[in-house]
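Asks: Just my_file.txt, nothing more (compact mmCIF, C-alpha atoms):
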# COMPACT_ATOMS: atom_id res chain seq x y z
CA MET A 226 0.00 0.00 0.00
CA SER A 227 1.19 3.49 -0.71
CA GLU A 228 -0.26 6.94 -0.27
CA LEU A 229 -3.94 7.34 0.54
CA TYR A 230 -6.37 9.23 -1.63
CA GLN A 231 -7.34 12.40 0.11
CA TRP A 232 -10.41 12.82 2.26
CA ASP A 233 -13.28 13.66 -0.10
CA ARG A 234 -14.40 17.01 1.29
CA ALA A 235 -17.53 16.96 -0.89
CA ILE A 236 -18.61 13.92 1.15
CA GLN A 237 -17.07 14.43 4.58
CA PRO A 238 -18.66 16.86 7.04
CA PRO A 239 -16.72 20.05 7.81
CA ALA A 240 -15.68 20.64 11.43
CA PHE A 241 -17.79 23.76 11.92
CA THR A 242 -21.50 23.02 11.46
CA PRO A 243 -23.52 25.51 13.53
CA ASP A 244 -26.83 23.62 13.22
CA TYR A 245 -25.12 20.89 15.23
CA LYS A 246 -24.45 23.29 18.06
CA THR A 247 -21.78 21.39 19.96
CA SER A 248 -19.48 21.63 16.93
CA VAL A 249 -19.20 25.42 17.29
CA LEU A 250 -16.74 25.34 20.20
CA ARG A 251 -15.20 22.02 19.20
CA SER A 252 -13.98 22.86 15.71
CA PRO A 253 -10.55 24.25 14.78
CA LYS A 254 -10.65 27.79 13.44
CA ALA A 255 -7.38 27.63 11.49
CA ALA A 256 -7.19 25.67 8.25
CA LEU A 257 -5.89 22.11 8.55
CA LEU A 258 -2.28 21.76 7.40
CA SER A 259 -2.12 19.60 4.27
CA LEU A 260 0.47 16.84 4.60
CA GLN A 261 1.63 14.28 2.11
CA ASN A 262 1.66 10.79 3.62
CA SER A 263 4.68 9.28 5.32
CA PHE A 264 5.06 5.95 7.11
CA SER A 265 3.32 7.59 10.07
CA GLU A 266 0.04 7.79 8.14
CA ILE A 267 0.06 4.62 6.00
CA THR A 268 0.81 2.29 8.89
CA GLY A 269 -1.58 1.49 11.72
CA PRO A 270 -2.31 -1.00 14.47
CA VAL A 271 -2.88 -4.67 13.66
CA PHE A 272 -5.32 -6.67 15.79
CA ASN A 273 -5.58 -10.44 16.24
CA HIS A 274 -8.44 -12.87 16.64
CA ASN A 275 -7.22 -13.88 20.09
CA GLU A 276 -7.98 -10.35 21.32
CA ILE A 277 -11.69 -10.72 20.48
CA GLY A 278 -14.01 -12.82 22.66
CA ALA A 279 -16.37 -15.44 21.23
CA LEU A 280 -19.50 -13.40 22.10
CA ASP A 281 -18.09 -9.98 21.27
CA ASN A 282 -20.13 -9.79 18.03
CA ASP A 283 -23.38 -10.99 19.61
CA LEU A 284 -25.05 -8.12 21.47
CA ILE A 285 -28.07 -10.32 22.18
CA ARG A 286 -25.93 -12.56 24.37
CA ASN A 287 -22.82 -10.67 25.39
CA TYR A 288 -24.50 -8.91 28.32
CA ALA A 289 -27.43 -11.26 28.95
CA HIS A 290 -27.82 -11.89 32.69
CA THR A 291 -31.40 -12.94 33.42
CA GLY A 292 -32.65 -13.43 29.85
CA GLU A 293 -32.35 -11.85 26.44
CA PRO A 294 -32.67 -8.13 25.75
CA ILE A 295 -36.01 -6.65 24.69
CA GLY A 296 -36.38 -5.47 21.10
CA GLU A 297 -36.36 -6.46 17.45
CA ARG A 298 -33.69 -9.06 16.81
CA ILE A 299 -31.49 -8.03 13.88
CA ILE A 300 -28.32 -9.05 12.07
CA VAL A 301 -26.11 -6.29 10.65
CA HIS A 302 -23.67 -7.41 8.00
CA GLY A 303 -21.64 -6.03 5.12
CA ARG A 304 -18.14 -5.49 3.82
CA VAL A 305 -15.36 -3.06 4.53
CA LEU A 306 -13.88 -1.93 1.22
CA ASP A 307 -11.62 0.87 0.05
CA GLU A 308 -12.33 3.36 -2.73
CA ASN A 309 -10.66 1.02 -5.22
CA GLY A 310 -13.22 -1.64 -4.32
CA ARG A 311 -10.61 -3.80 -2.59
CA PRO A 312 -11.67 -5.60 0.58
CA VAL A 313 -10.10 -4.40 3.83
CA PRO A 314 -9.27 -7.69 5.56
CA ARG A 315 -8.82 -8.43 9.28
CA THR A 316 -9.58 -4.90 10.37
CA LEU A 317 -11.08 -4.12 13.77
CA ILE A 318 -14.71 -2.96 13.69
CA GLU A 319 -16.32 -1.76 16.91
CA PHE A 320 -19.97 -0.81 17.32
CA TRP A 321 -22.18 0.65 20.03
CA GLN A 322 -25.78 1.70 20.34
CA ALA A 323 -28.77 2.53 22.55
CA ASN A 324 -31.20 -0.18 23.63
CA ALA A 325 -34.66 -0.72 22.12
CA GLY A 326 -36.05 2.18 24.18
CA GLY A 327 -33.35 4.61 23.07
CA ARG A 328 -31.35 4.50 26.30
CA TYR A 329 -27.57 4.03 26.49
CA ARG A 330 -25.83 2.05 29.21
CA HIS A 331 -23.65 5.02 30.12
CA LYS A 332 -23.35 6.91 33.36
CA LYS A 333 -23.88 10.20 31.54
CA ASP A 334 -27.16 9.19 29.84
CA THR A 335 -30.16 10.34 31.88
CA TYR A 336 -32.97 9.78 29.36
CA LEU A 337 -36.10 8.50 31.11
CA ALA A 338 -36.35 5.31 29.03
CA PRO A 339 -35.22 2.35 31.17
CA ILE A 340 -31.89 0.53 31.05
CA ASP A 341 -32.30 -3.04 29.78
CA PRO A 342 -30.61 -5.31 32.34
CA ASN A 343 -29.68 -7.75 29.60
CA PHE A 344 -28.25 -5.33 27.07
CA GLY A 345 -24.77 -3.80 27.17
CA GLY A 346 -24.91 -2.14 23.76
CA CYS A 347 -21.42 -2.71 22.40
CA GLY A 348 -19.56 -5.29 20.36
CA ARG A 349 -16.66 -5.78 17.99
CA CYS A 350 -15.24 -8.11 15.38
CA LEU A 351 -12.51 -8.42 12.77
CA SER A 352 -13.45 -8.40 9.10
CA ASP A 353 -12.54 -11.65 7.30
CA ASP A 354 -10.17 -12.03 4.36
CA ASN A 355 -12.86 -10.61 2.03
CA GLY A 356 -13.59 -7.63 4.25
CA TYR A 357 -16.86 -9.22 5.38
CA TYR A 358 -18.23 -8.68 8.89
CA PHE A 359 -21.46 -9.45 10.73
CA PHE A 360 -22.96 -9.10 14.17
CA ARG A 361 -26.26 -9.71 15.92
CA THR A 362 -28.08 -7.19 18.08
CA ILE A 363 -31.47 -5.63 18.75
CA LYS A 364 -32.70 -2.63 16.81
CA PRO A 365 -31.93 0.57 18.76
CA GLY A 366 -34.65 3.10 19.47
CA PRO A 367 -34.61 6.84 18.65
CA TYR A 368 -34.09 9.27 21.51
CA PRO A 369 -34.25 13.01 22.25
CA TRP A 370 -31.18 15.17 22.67
CA ARG A 371 -30.45 18.77 23.55
CA ASN A 372 -29.70 20.54 20.32
CA TYR A 373 -32.94 22.25 19.47
CA VAL A 374 -35.60 21.84 22.16
CA ASN A 375 -37.27 19.06 20.20
CA SER A 376 -34.35 17.32 18.47
CA TRP A 377 -34.47 13.53 18.12
CA ARG A 378 -31.79 11.19 16.92
CA PRO A 379 -32.93 8.64 14.33
CA ALA A 380 -32.26 5.04 15.35
CA HIS A 381 -28.58 4.41 14.68
CA ILE A 382 -25.57 2.23 15.40
CA HIS A 383 -22.14 3.82 15.86
CA PHE A 384 -19.24 2.22 13.97
CA SER A 385 -15.50 2.57 14.51
CA ILE A 386 -13.21 1.16 11.80
CA PHE A 387 -9.40 1.12 11.60
CA GLY A 388 -8.39 0.17 8.08
CA SER A 389 -4.73 -0.48 7.39
CA GLY A 390 -3.22 2.98 7.90
CA PHE A 391 -3.85 5.27 10.86
CA SER A 392 -5.13 8.00 8.53
CA GLN A 393 -7.93 5.70 7.31
CA ARG A 394 -9.37 5.69 10.83
CA LEU A 395 -13.11 6.34 10.65
CA ILE A 396 -16.07 6.70 12.99
CA THR A 397 -19.53 6.84 11.48
CA GLN A 398 -23.16 5.98 12.18
CA MET A 399 -25.48 3.55 10.41
CA TYR A 400 -29.16 4.44 10.03
CA PHE A 401 -32.15 2.27 9.15
CA GLU A 402 -34.14 2.32 5.93
CA GLY A 403 -37.47 4.09 6.27
CA ASP A 404 -36.76 6.12 9.42
CA PRO A 405 -38.50 9.53 9.08
CA LEU A 406 -36.14 11.12 11.64
CA ILE A 407 -33.09 10.79 9.40
CA LYS A 408 -33.81 13.79 7.23
CA LEU A 409 -34.57 15.98 10.28
CA CYS A 410 -31.36 15.23 12.19
CA PRO A 411 -28.79 18.06 12.59
CA ILE A 412 -25.98 15.50 12.94
CA VAL A 413 -26.97 13.74 9.71
CA LYS A 414 -27.18 17.14 8.05
CA THR A 415 -23.53 17.91 8.80
CA ILE A 416 -22.86 15.78 5.70
CA PRO A 417 -22.88 18.10 2.68
CA ASP A 418 -23.82 15.48 0.06
CA PRO A 419 -27.35 13.95 0.16
CA ASP A 420 -26.09 10.85 -1.69
CA ALA A 421 -23.48 10.34 1.02
CA VAL A 422 -26.31 10.41 3.57
CA GLU A 423 -28.17 7.73 1.60
CA ARG A 424 -25.08 5.55 1.79
CA LEU A 425 -25.29 5.62 5.61
CA ILE A 426 -28.79 4.12 5.48
CA ALA A 427 -28.81 0.33 5.73
CA PRO A 428 -31.52 -1.39 3.68
CA LEU A 429 -33.53 -4.28 5.01
CA ASP A 430 -31.90 -7.46 3.64
CA LEU A 431 -34.53 -10.16 3.73
CA ASN A 432 -32.23 -12.72 2.10
CA ALA A 433 -29.80 -12.50 5.01
CA SER A 434 -32.51 -12.69 7.66
CA VAL A 435 -33.15 -15.89 9.59
CA PRO A 436 -36.79 -17.03 9.03
CA LEU A 437 -38.95 -16.98 12.18
CA ASP A 438 -36.00 -15.54 14.11
CA THR A 439 -34.04 -12.42 13.06
CA LEU A 440 -34.26 -9.66 10.41
CA ALA A 441 -31.13 -8.43 8.66
CA TYR A 442 -29.75 -5.08 7.47
CA LYS A 443 -26.81 -4.64 5.13
CA PHE A 444 -24.20 -1.94 5.65
CA ASP A 445 -21.07 -1.62 3.51
CA ILE A 446 -18.29 0.75 4.58
CA VAL A 447 -15.81 2.41 2.20
CA LEU A 448 -12.49 3.65 3.58
CA ARG A 449 -9.97 5.85 1.79
CA GLY A 450 -8.24 4.02 -1.05
CA SER A 451 -4.54 4.10 -1.84
CA ARG A 452 -2.58 4.81 -4.97
CA SER A 453 -0.66 2.04 -6.67
CA THR A 454 0.50 3.35 -10.01
CA LEU A 455 3.93 2.56 -11.39
CA PHE A 456 5.13 6.13 -11.17
CA GLU A 457 4.76 7.34 -7.65
CA ASN A 458 6.54 9.67 -5.28
CA ARG A 459 8.91 7.76 -3.11
CA LEU A 460 8.06 7.76 0.56
CA GLU A 461 11.70 7.13 1.45
CA GLY A 462 15.12 6.86 -0.12
CA ASN A 463 17.04 9.59 -1.89
CA MET B 1387 -19.41 10.07 -22.32
CA PRO B 1388 -15.90 9.02 -21.23
CA GLN B 1389 -15.46 5.75 -19.38
CA ASP B 1390 -16.58 5.54 -15.77
CA LEU B 1391 -13.72 5.75 -13.25
CA SER B 1392 -15.73 3.35 -11.06
CA TYR B 1393 -14.19 4.28 -7.74
CA LEU B 1394 -16.36 3.63 -4.72
CA LYS B 1395 -17.35 6.67 -2.67
CA GLN B 1396 -15.99 7.16 0.85
CA THR B 1397 -18.31 6.49 3.76
CA ALA B 1398 -19.09 9.81 5.46
CA SER B 1399 -17.81 10.36 8.98
CA GLN B 1400 -20.23 11.09 11.82
CA THR B 1401 -19.50 12.24 15.34
CA ALA B 1402 -18.47 9.65 17.93
CA GLY B 1403 -21.02 11.29 20.23
CA PRO B 1404 -21.11 11.59 24.01
CA TYR B 1405 -21.32 7.83 24.57
CA VAL B 1406 -18.22 6.82 22.60
CA HIS B 1407 -16.97 5.09 25.75
CA ILE B 1408 -19.59 2.36 25.43
CA GLY B 1409 -18.04 1.18 22.21
CA LEU B 1410 -14.37 1.99 22.68
CA ALA B 1411 -13.83 1.94 26.44
CA PRO B 1412 -16.87 0.34 28.13
CA ASP B 1413 -15.22 0.33 31.55
CA ARG B 1414 -15.33 4.14 31.42
CA ALA B 1415 -19.04 4.05 30.53
CA GLY B 1416 -19.51 2.22 33.82
CA PHE B 1417 -19.74 -1.47 32.98
CA ASP B 1418 -17.66 -4.55 32.36
CA ILE B 1419 -18.31 -6.60 29.23
CA PHE B 1420 -15.17 -7.63 27.31
CA GLN B 1421 -12.47 -9.94 28.60
CA ASN B 1422 -9.83 -7.87 26.85
CA ASN B 1423 -10.00 -4.06 26.87
CA PHE B 1424 -7.85 -1.73 24.81
CA GLY B 1425 -6.18 0.88 26.95
CA HIS B 1426 -3.61 3.58 27.47
CA VAL B 1427 -0.60 1.42 28.42
CA LEU B 1428 1.41 0.58 25.29
CA THR B 1429 4.35 -1.16 26.93
CA LYS B 1430 5.00 -4.65 28.23
CA PRO B 1431 7.84 -5.37 30.68
CA GLU B 1432 10.10 -6.56 27.83
CA THR B 1433 9.43 -3.60 25.54
CA LYS B 1434 12.63 -1.83 24.49
CA GLY B 1435 12.97 1.90 24.98
CA GLU B 1436 12.79 4.77 27.44
CA ARG B 1437 9.55 4.72 29.46
CA ILE B 1438 7.64 7.97 29.18
CA ILE B 1439 4.20 9.36 29.92
CA ILE B 1440 2.37 11.59 27.47
CA GLU B 1441 -0.60 13.40 28.94
CA GLY B 1442 -2.69 16.50 28.54
CA LEU B 1443 -6.09 18.06 28.12
CA VAL B 1444 -8.33 18.47 25.11
CA ILE B 1445 -9.58 22.06 25.35
CA ASP B 1446 -12.63 23.63 23.69
CA GLY B 1447 -13.14 27.17 22.39
CA THR B 1448 -13.91 28.56 25.85
CA GLY B 1449 -10.76 27.10 27.39
CA THR B 1450 -12.68 24.31 29.11
CA PRO B 1451 -11.41 20.71 29.10
CA MET B 1452 -13.51 18.37 26.92
CA ARG B 1453 -14.04 15.64 29.50
CA ASP B 1454 -15.89 13.37 27.10
CA ALA B 1455 -13.21 13.31 24.36
CA LEU B 1456 -11.20 10.22 23.42
CA VAL B 1457 -7.64 10.19 22.11
CA GLU B 1458 -5.80 7.45 20.24
CA LEU B 1459 -2.04 7.33 19.77
CA TRP B 1460 0.06 5.64 17.06
CA GLN B 1461 3.84 5.56 17.10
CA ALA B 1462 7.01 3.79 16.02
CA ASN B 1463 9.10 1.68 18.39
CA ALA B 1464 12.37 2.73 20.02
CA ALA B 1465 14.24 1.92 16.81
CA GLY B 1466 11.95 4.14 14.73
CA LYS B 1467 10.04 1.28 13.08
CA TYR B 1468 6.26 0.93 12.87
CA ASN B 1469 4.84 -2.51 13.68
CA HIS B 1470 3.09 -2.75 10.30
CA PRO B 1471 4.03 -4.28 6.91
CA ASN B 1472 3.73 -0.93 5.11
CA ASP B 1473 6.82 0.28 6.96
CA THR B 1474 9.58 -0.92 4.61
CA GLN B 1475 12.52 0.54 6.56
CA ASN B 1476 15.25 -1.97 7.30
CA LYS B 1477 14.89 -1.82 11.07
CA PRO B 1478 13.80 -4.35 13.72
CA ILE B 1479 10.19 -4.71 14.84
CA ASP B 1480 9.75 -5.02 18.61
CA PRO B 1481 7.25 -7.90 18.91
CA THR B 1482 6.22 -6.69 22.38
CA PHE B 1483 5.18 -3.28 21.09
CA ARG B 1484 2.15 -2.69 18.88
CA GLY B 1485 2.55 1.06 19.08
CA TRP B 1486 -1.10 1.91 19.54
CA GLY B 1487 -3.13 3.02 22.55
CA ARG B 1488 -6.44 4.57 23.43
CA SER B 1489 -7.23 6.96 26.28
CA PRO B 1490 -10.57 8.51 27.10
CA CYS B 1491 -10.29 11.83 28.92
CA ASP B 1492 -11.02 11.60 32.63
CA PHE B 1493 -14.61 12.60 33.42
CA GLU B 1494 -13.41 14.72 36.38
CA THR B 1495 -10.07 16.19 35.35
CA GLY B 1496 -10.26 15.92 31.56
CA VAL B 1497 -6.75 14.44 31.40
CA TYR B 1498 -5.83 11.81 28.81
CA ARG B 1499 -2.69 9.78 29.46
CA PHE B 1500 -0.48 7.28 27.66
CA GLU B 1501 2.23 5.13 29.20
CA THR B 1502 4.60 4.32 26.38
CA ILE B 1503 8.20 4.52 25.20
CA LYS B 1504 9.89 7.32 23.36
CA PRO B 1505 9.85 6.46 19.66
CA GLY B 1506 12.92 6.56 17.45
CA ALA B 1507 13.19 8.75 14.36
CA VAL B 1508 11.43 7.47 11.23
CA MET B 1509 12.50 8.10 7.64
CA GLY B 1510 10.23 10.65 6.00
CA ARG B 1511 9.59 11.52 2.38
CA ASN B 1512 12.44 12.02 -0.06
CA GLY B 1513 15.07 10.80 2.37
CA ARG B 1514 14.42 13.44 5.02
CA VAL B 1515 14.36 11.94 8.51
CA MET B 1516 11.40 12.91 10.69
CA ALA B 1517 12.08 13.85 14.31
CA PRO B 1518 10.66 11.40 16.90
CA HIS B 1519 6.92 11.96 17.20
CA VAL B 1520 3.62 10.26 17.93
CA SER B 1521 0.43 10.64 15.89
CA LEU B 1522 -2.75 11.49 17.78
CA TRP B 1523 -6.38 11.17 16.70
CA ILE B 1524 -9.14 12.92 18.63
CA VAL B 1525 -12.86 12.22 18.58
CA ALA B 1526 -15.73 13.49 20.73
CA ARG B 1527 -19.26 14.79 20.74
CA GLY B 1528 -19.22 17.86 18.50
CA ILE B 1529 -16.32 16.58 16.36
CA ASN B 1530 -17.77 15.58 12.99
CA ILE B 1531 -14.63 13.93 11.66
CA GLY B 1532 -11.69 12.74 13.76
CA LEU B 1533 -8.86 15.25 14.03
CA GLN B 1534 -5.26 14.24 13.56
CA THR B 1535 -2.15 15.89 14.92
CA ARG B 1536 1.38 14.99 16.06
CA ALA B 1537 3.24 15.43 19.33
CA TYR B 1538 6.99 16.05 19.13
CA PHE B 1539 9.43 16.08 22.04
CA ALA B 1540 10.96 19.30 23.38
CA ASP B 1541 14.27 17.63 24.25
CA GLU B 1542 14.81 16.80 20.55
CA ALA B 1543 15.44 20.43 19.59
CA GLN B 1544 17.99 19.63 16.89
CA ALA B 1545 15.87 16.93 15.25
CA ASN B 1546 12.76 19.09 15.51
CA ALA B 1547 14.55 21.93 13.73
CA GLN B 1548 15.18 19.59 10.78
CA ASP B 1549 11.77 17.92 10.78
CA PRO B 1550 10.12 18.15 7.35
CA VAL B 1551 6.60 18.33 8.81
CA LEU B 1552 7.27 20.96 11.48
CA ASN B 1553 9.02 23.00 8.81
CA LEU B 1554 5.83 23.11 6.76
CA ILE B 1555 4.25 25.25 9.47
CA GLU B 1556 4.74 28.87 8.54
CA GLN B 1557 4.40 30.54 11.93
CA ASP B 1558 6.91 29.58 14.63
CA LYS B 1559 4.24 30.17 17.25
CA ARG B 1560 2.00 27.54 15.68
CA ARG B 1561 4.91 25.11 15.31
CA GLN B 1562 5.37 25.27 19.08
CA THR B 1563 1.86 23.87 19.60
CA LEU B 1564 3.16 20.46 18.44
CA ILE B 1565 6.16 20.32 20.78
CA ALA B 1566 5.54 18.77 24.18
CA PRO B 1567 7.64 20.10 27.09
CA ARG B 1568 9.40 17.49 29.22
CA SER B 1569 9.30 17.27 32.99
CA GLU B 1570 9.44 14.41 35.48
CA ARG B 1571 6.93 12.74 37.79
CA ASP B 1572 7.99 10.05 40.25
CA GLY B 1573 11.19 9.61 38.26
CA VAL B 1574 9.39 9.02 34.97
CA PRO B 1575 9.76 11.50 32.11
CA LEU B 1576 6.47 13.24 31.46
CA TYR B 1577 5.54 15.06 28.27
CA ARG B 1578 2.64 17.47 28.52
CA PHE B 1579 0.64 17.86 25.33
CA ASP B 1580 -2.57 19.90 25.47
CA ILE B 1581 -4.76 19.80 22.38
CA VAL B 1582 -6.37 23.20 21.94
CA PHE B 1583 -9.25 23.72 19.52
CA GLN B 1584 -9.47 27.46 19.25
CA GLY B 1585 -7.76 30.66 20.32
CA ASP B 1586 -4.19 31.89 20.60
CA ASN B 1587 -2.63 28.49 21.09
CA GLU B 1588 -4.79 26.51 18.69
CA THR B 1589 -3.09 23.20 17.94
CA VAL B 1590 -2.04 22.53 14.35
CA PHE B 1591 -4.25 19.76 12.95
CA PHE B 1592 -3.43 17.92 9.74
CA ASP B 1593 -5.33 17.13 6.60
CA VAL B 1594 -3.42 13.97 5.99
What would you get if you wrote out this structure as structure tokens?
Replies:
Amino acid sequence: MSELYQWDRAIQPPAFTPDYKTSVLRSPKAALLSLQNSFSEITGPVFNHNEIGALDNDLIRNYAHTGEPIGERIIVHGRVLDENGRPVPRTLIEFWQANAGGRYRHKKDTYLAPIDPNFGGCGRCLSDDNGYYFFRTIKPGPYPWRNYVNSWRPAHIHFSIFGSGFSQRLITQMYFEGDPLIKLCPIVKTIPDPDAVERLIAPLDLNASVPLDTLAYKFDIVLRGSRSTLFENRLEGN
Amino acid sequence: MPQDLSYLKQTASQTAGPYVHIGLAPDRAGFDIFQNNFGHVLTKPETKGERIIIEGLVIDGTGTPMRDALVELWQANAAGKYNHPNDTQNKPIDPTFRGWGRSPCDFETGVYRFETIKPGAVMGRNGRVMAPHVSLWIVARGINIGLQTRAYFADEAQANAQDPVLNLIEQDKRRQTLIAPRSERDGVPLYRFDIVFQGDNETVFFDV
């Protein structure tokens, strides 16, 4: 792998997005300094299967104490690819979400919906050699938040993905097909390109569902690609 | 119509949100779920290199610590080699050192902290050696896309003066925002690196 394609600023949200109010004081004012890649950017941490527990990708069972969590049982699956369409193999994917009522198991979440004693709300896995990943969970609920007085987050699952180089590192959110809250959400609207928003919406995937048991949604993730032409700037040497 | 380039489109970034700890550091969210947690200690007893601590605050536009931010660190080993196949330098990998760590800011103090080793110098572009440094990536509620910066070491003044990345920064004052001063705590070298979002000492962030 060599240098990464640049972040696509027509797709990626800018730092300063005043309709998402918290960004106002948490965005740099100066322009970012453009850097060509060195080894520091095109390398990144490697994770192994022995660091991941057997139930880490099963949110229905990985925090079950007295029974299973309440909610719609779903499978989320897809592939991690780069812009060249190449699979990103053996990369760490972490995910977290609210429970079916829209409440997070987090000491800072005070929403009145109840904690589910059998739902932790986080999991992780490594993609396989083809970039494929899957996990099982319950469908999260929407919840209110303090942006405008009556702002609601659409149901979503947070994703963290590493890729191969540290500068491919990405955090995003997956939404669900058909949710009317998506187009109202100030966080969704930080993304300048409506097509890029559509690509964060996972369609129902009936083929991948388990009959009489669990529905499925499909969510593919595309990380920055890298250049591999014959004539390239040398990262080292003289 | 010319041929289609047929690249895939990047997935858009979204904020990590206030509950990032659930996914990336569940013990900080207040519960125990995984057998193996990823943390802020990068070293094992056998790891080669000088033990150091890197710590600081992530500070918002009012000067207030962002107590819900999360910082990740990526660095080379003591020999200046990244533990990754894309690093083609002819230098030894330290099998006990992955070179990556993750530290949520403390909910009370706002401090993030890494226990690591001082990295060696890594070859940069066009045969220009980069001064020892670590890469940092910051996410939080209110940050739409993770921010990347570097921390350099104040006691490497000569190497820093030659560093090809620091030398891209036009204003000396801004260059200083990437250089962590060195002190000592309980006999361990401590580098203080505050990450400042706005104002006079705004940290240099990279589009990289």
Asks: For Ser1521 in chain B, which residue out of A:Pro365, A:Thr268, A:Ile340, A:Ser376 is the nearest one, using all atoms listed in the file?
Replies: A:Thr268
Asks: Can you tell me which residues surround Cys350 in chain A at a distance of at most 7 Å, considering only C-alpha atoms, apart from same-chain residues fewer than 2 positions away, and format the answer as a ChimeraX atom specification?
Replies: /A:277,281-282,317-319,352
Asks: Using only C-alpha atoms and a cut-off of 6 Å, which residues of chain A sit close to chain B? Please list them as an MDAnalysis selection string.
Replies: chainID A and resid 236:237 240 247:248 250:251 253:254 257:260 263:264 268 270 308:309 320:321 331:332 347 396:398 446:448 460:463
Asks: I want to know what sits within 7 Å of Ile1503 in chain B, based on all atoms listed in the file, with residues of the same chain fewer than 3 positions away left out; could you give that as a PDB file with C-alpha atoms, in the coordinates of the input?
Replies:
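Output saved as part_37.pdb:
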ATOM      1  CA  GLY B1435      12.970   1.900  24.980  1.00  0.00           C
ATOM      2  CA  GLU B1436      12.790   4.770  27.440  1.00  0.00           C
ATOM      3  CA  ARG B1437       9.550   4.720  29.460  1.00  0.00           C
ATOM      4  CA  ILE B1438       7.640   7.970  29.180  1.00  0.00           C
ATOM      5  CA  ALA B1464      12.370   2.730  20.020  1.00  0.00           C
TER       6      ALA B1464
END
Asks: May I ask which of the residues B:Thr1482, B:Gln1389, B:Arg1453, B:Pro1518 is the closest one to Glu1432 in chain B, counting only C-alpha atoms?
Replies: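 Smallest distance to Glu1432 in chain B is found for B:Thr1482.
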Asks: Between CA of Leu1564 in chain B and CA of Thr415 in chain A, measure the distance and give it in Å to one decimal.
Replies: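 Separation between CA of Leu1564 in chain B and CA of Thr415 in chain A: 28.5 Å.
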Asks: Smallest atom-to-atom distance to Ala279 in chain A: which of A:Arg452, A:Arg371, A:Arg349, A:Lys443, using all atoms listed in the file?
Replies: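 For Ala279 in chain A, the nearest of the given residues is A:Arg349.
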Asks: Have a look at CA of Ile1524 in chain B and CA of Ala1455 in chain B and let me know their distance in Å, one decimal.
Replies: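 It comes out at 7.0 Å.
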Asks: Identify, on the basis of all atoms listed in the file, every residue whose closest approach to Gln393 in chain A does not exceed 10 Å; exclude the query and any residue fewer than 5 positions from it along the same chain; express the result as number ranges by chain.
Replies: A: 229-232, 266-269, 307, 386-388, 447-451; B: 1594
Asks: Please determine, counting only C-alpha atoms, which residue among B:Pro1550, B:Pro1431, B:Lys1477, B:Arg1568 has the shortest atom-to-atom distance to Asn262 in chain A.
Replies: B:Pro1550
Asks: Counting all atoms listed in the file, select every polymer residue within 12 Å of (8.8, 11.7, 36.3) as defined in the file's coordinates, and provide the selection as a PyMOL selection string.
Replies: chain B and resi 1436-1440+1501+1568-1578
Asks: In Å, with one decimal, what is the gap from CA of Pro1505 in chain B to CA of Asn1463 in chain B?
Replies: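 Distance reported for this atom pair: 5.0 Å.
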Asks: Determine, counting only C-alpha atoms, which protein, DNA and RNA residues have an atom within 12 Å of an atom of Val435 in chain A; residues of the same chain fewer than 2 positions away are not included. Present the result as a list of chain:residue names.
Replies: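 My list of contacting residues is A:Arg298, A:Ile299, A:Ile300, A:Val301, A:Arg361, A:Asp430, A:Leu431, A:Asn432, A:Ala433, A:Leu437, A:Asp438, A:Thr439, A:Leu440, A:Ala441, A:Tyr442.
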Asks: Specify the axis-aligned box that encloses all atoms of range 291-307 of chain A listed in the file after padding of 5 Å on each side, stating its centre and edge lengths in Å to one decimal as JSON.
Replies:
{"center_x": -24.0, "center_y": -6.3, "center_z": 16.7, "size_x": 34.8, "size_y": 24.3, "size_z": 43.4}
Asks: Residues at most 7 Å from Gln322 in chain A, counting all atoms listed in the file, excluding those fewer than 5 positions away in the same chain, as number ranges by chain?
Replies: A: 329, 346-347, 365, 381-383
Asks: What does range 1467-1472 of chain B look like written to a file with N, CA, C and O atoms, as a short mmCIF file (atom, residue, chain, number, x, y, z; two decimals), in the first residue's frame?
Replies:
data_model
loop_
_atom_site.label_atom_id
_atom_site.label_comp_id
_atom_site.auth_asym_id
_atom_site.auth_seq_id
_atom_site.Cartn_x
_atom_site.Cartn_y
_atom_site.Cartn_z
N LYS B 1467 10.68 2.19 14.04
CA LYS B 1467 10.04 1.28 13.08
C LYS B 1467 8.58 1.06 13.52
O LYS B 1467 8.32 0.74 14.68
N TYR B 1468 7.66 1.22 12.57
CA TYR B 1468 6.26 0.93 12.87
C TYR B 1468 6.00 -0.57 12.77
O TYR B 1468 6.53 -1.24 11.87
N ASN B 1469 5.18 -1.08 13.67
CA ASN B 1469 4.84 -2.51 13.68
C ASN B 1469 3.73 -2.76 12.65
O ASN B 1469 2.58 -3.04 13.01
N HIS B 1470 4.07 -2.62 11.38
CA HIS B 1470 3.09 -2.75 10.30
C HIS B 1470 3.84 -3.03 8.99
O HIS B 1470 4.89 -2.42 8.74
N PRO B 1471 3.30 -3.92 8.15
CA PRO B 1471 4.03 -4.28 6.91
C PRO B 1471 4.26 -3.13 5.94
O PRO B 1471 5.16 -3.22 5.10
N ASN B 1472 3.49 -2.05 6.02
CA ASN B 1472 3.73 -0.93 5.11
C ASN B 1472 5.00 -0.15 5.44
O ASN B 1472 5.43 0.68 4.64
#
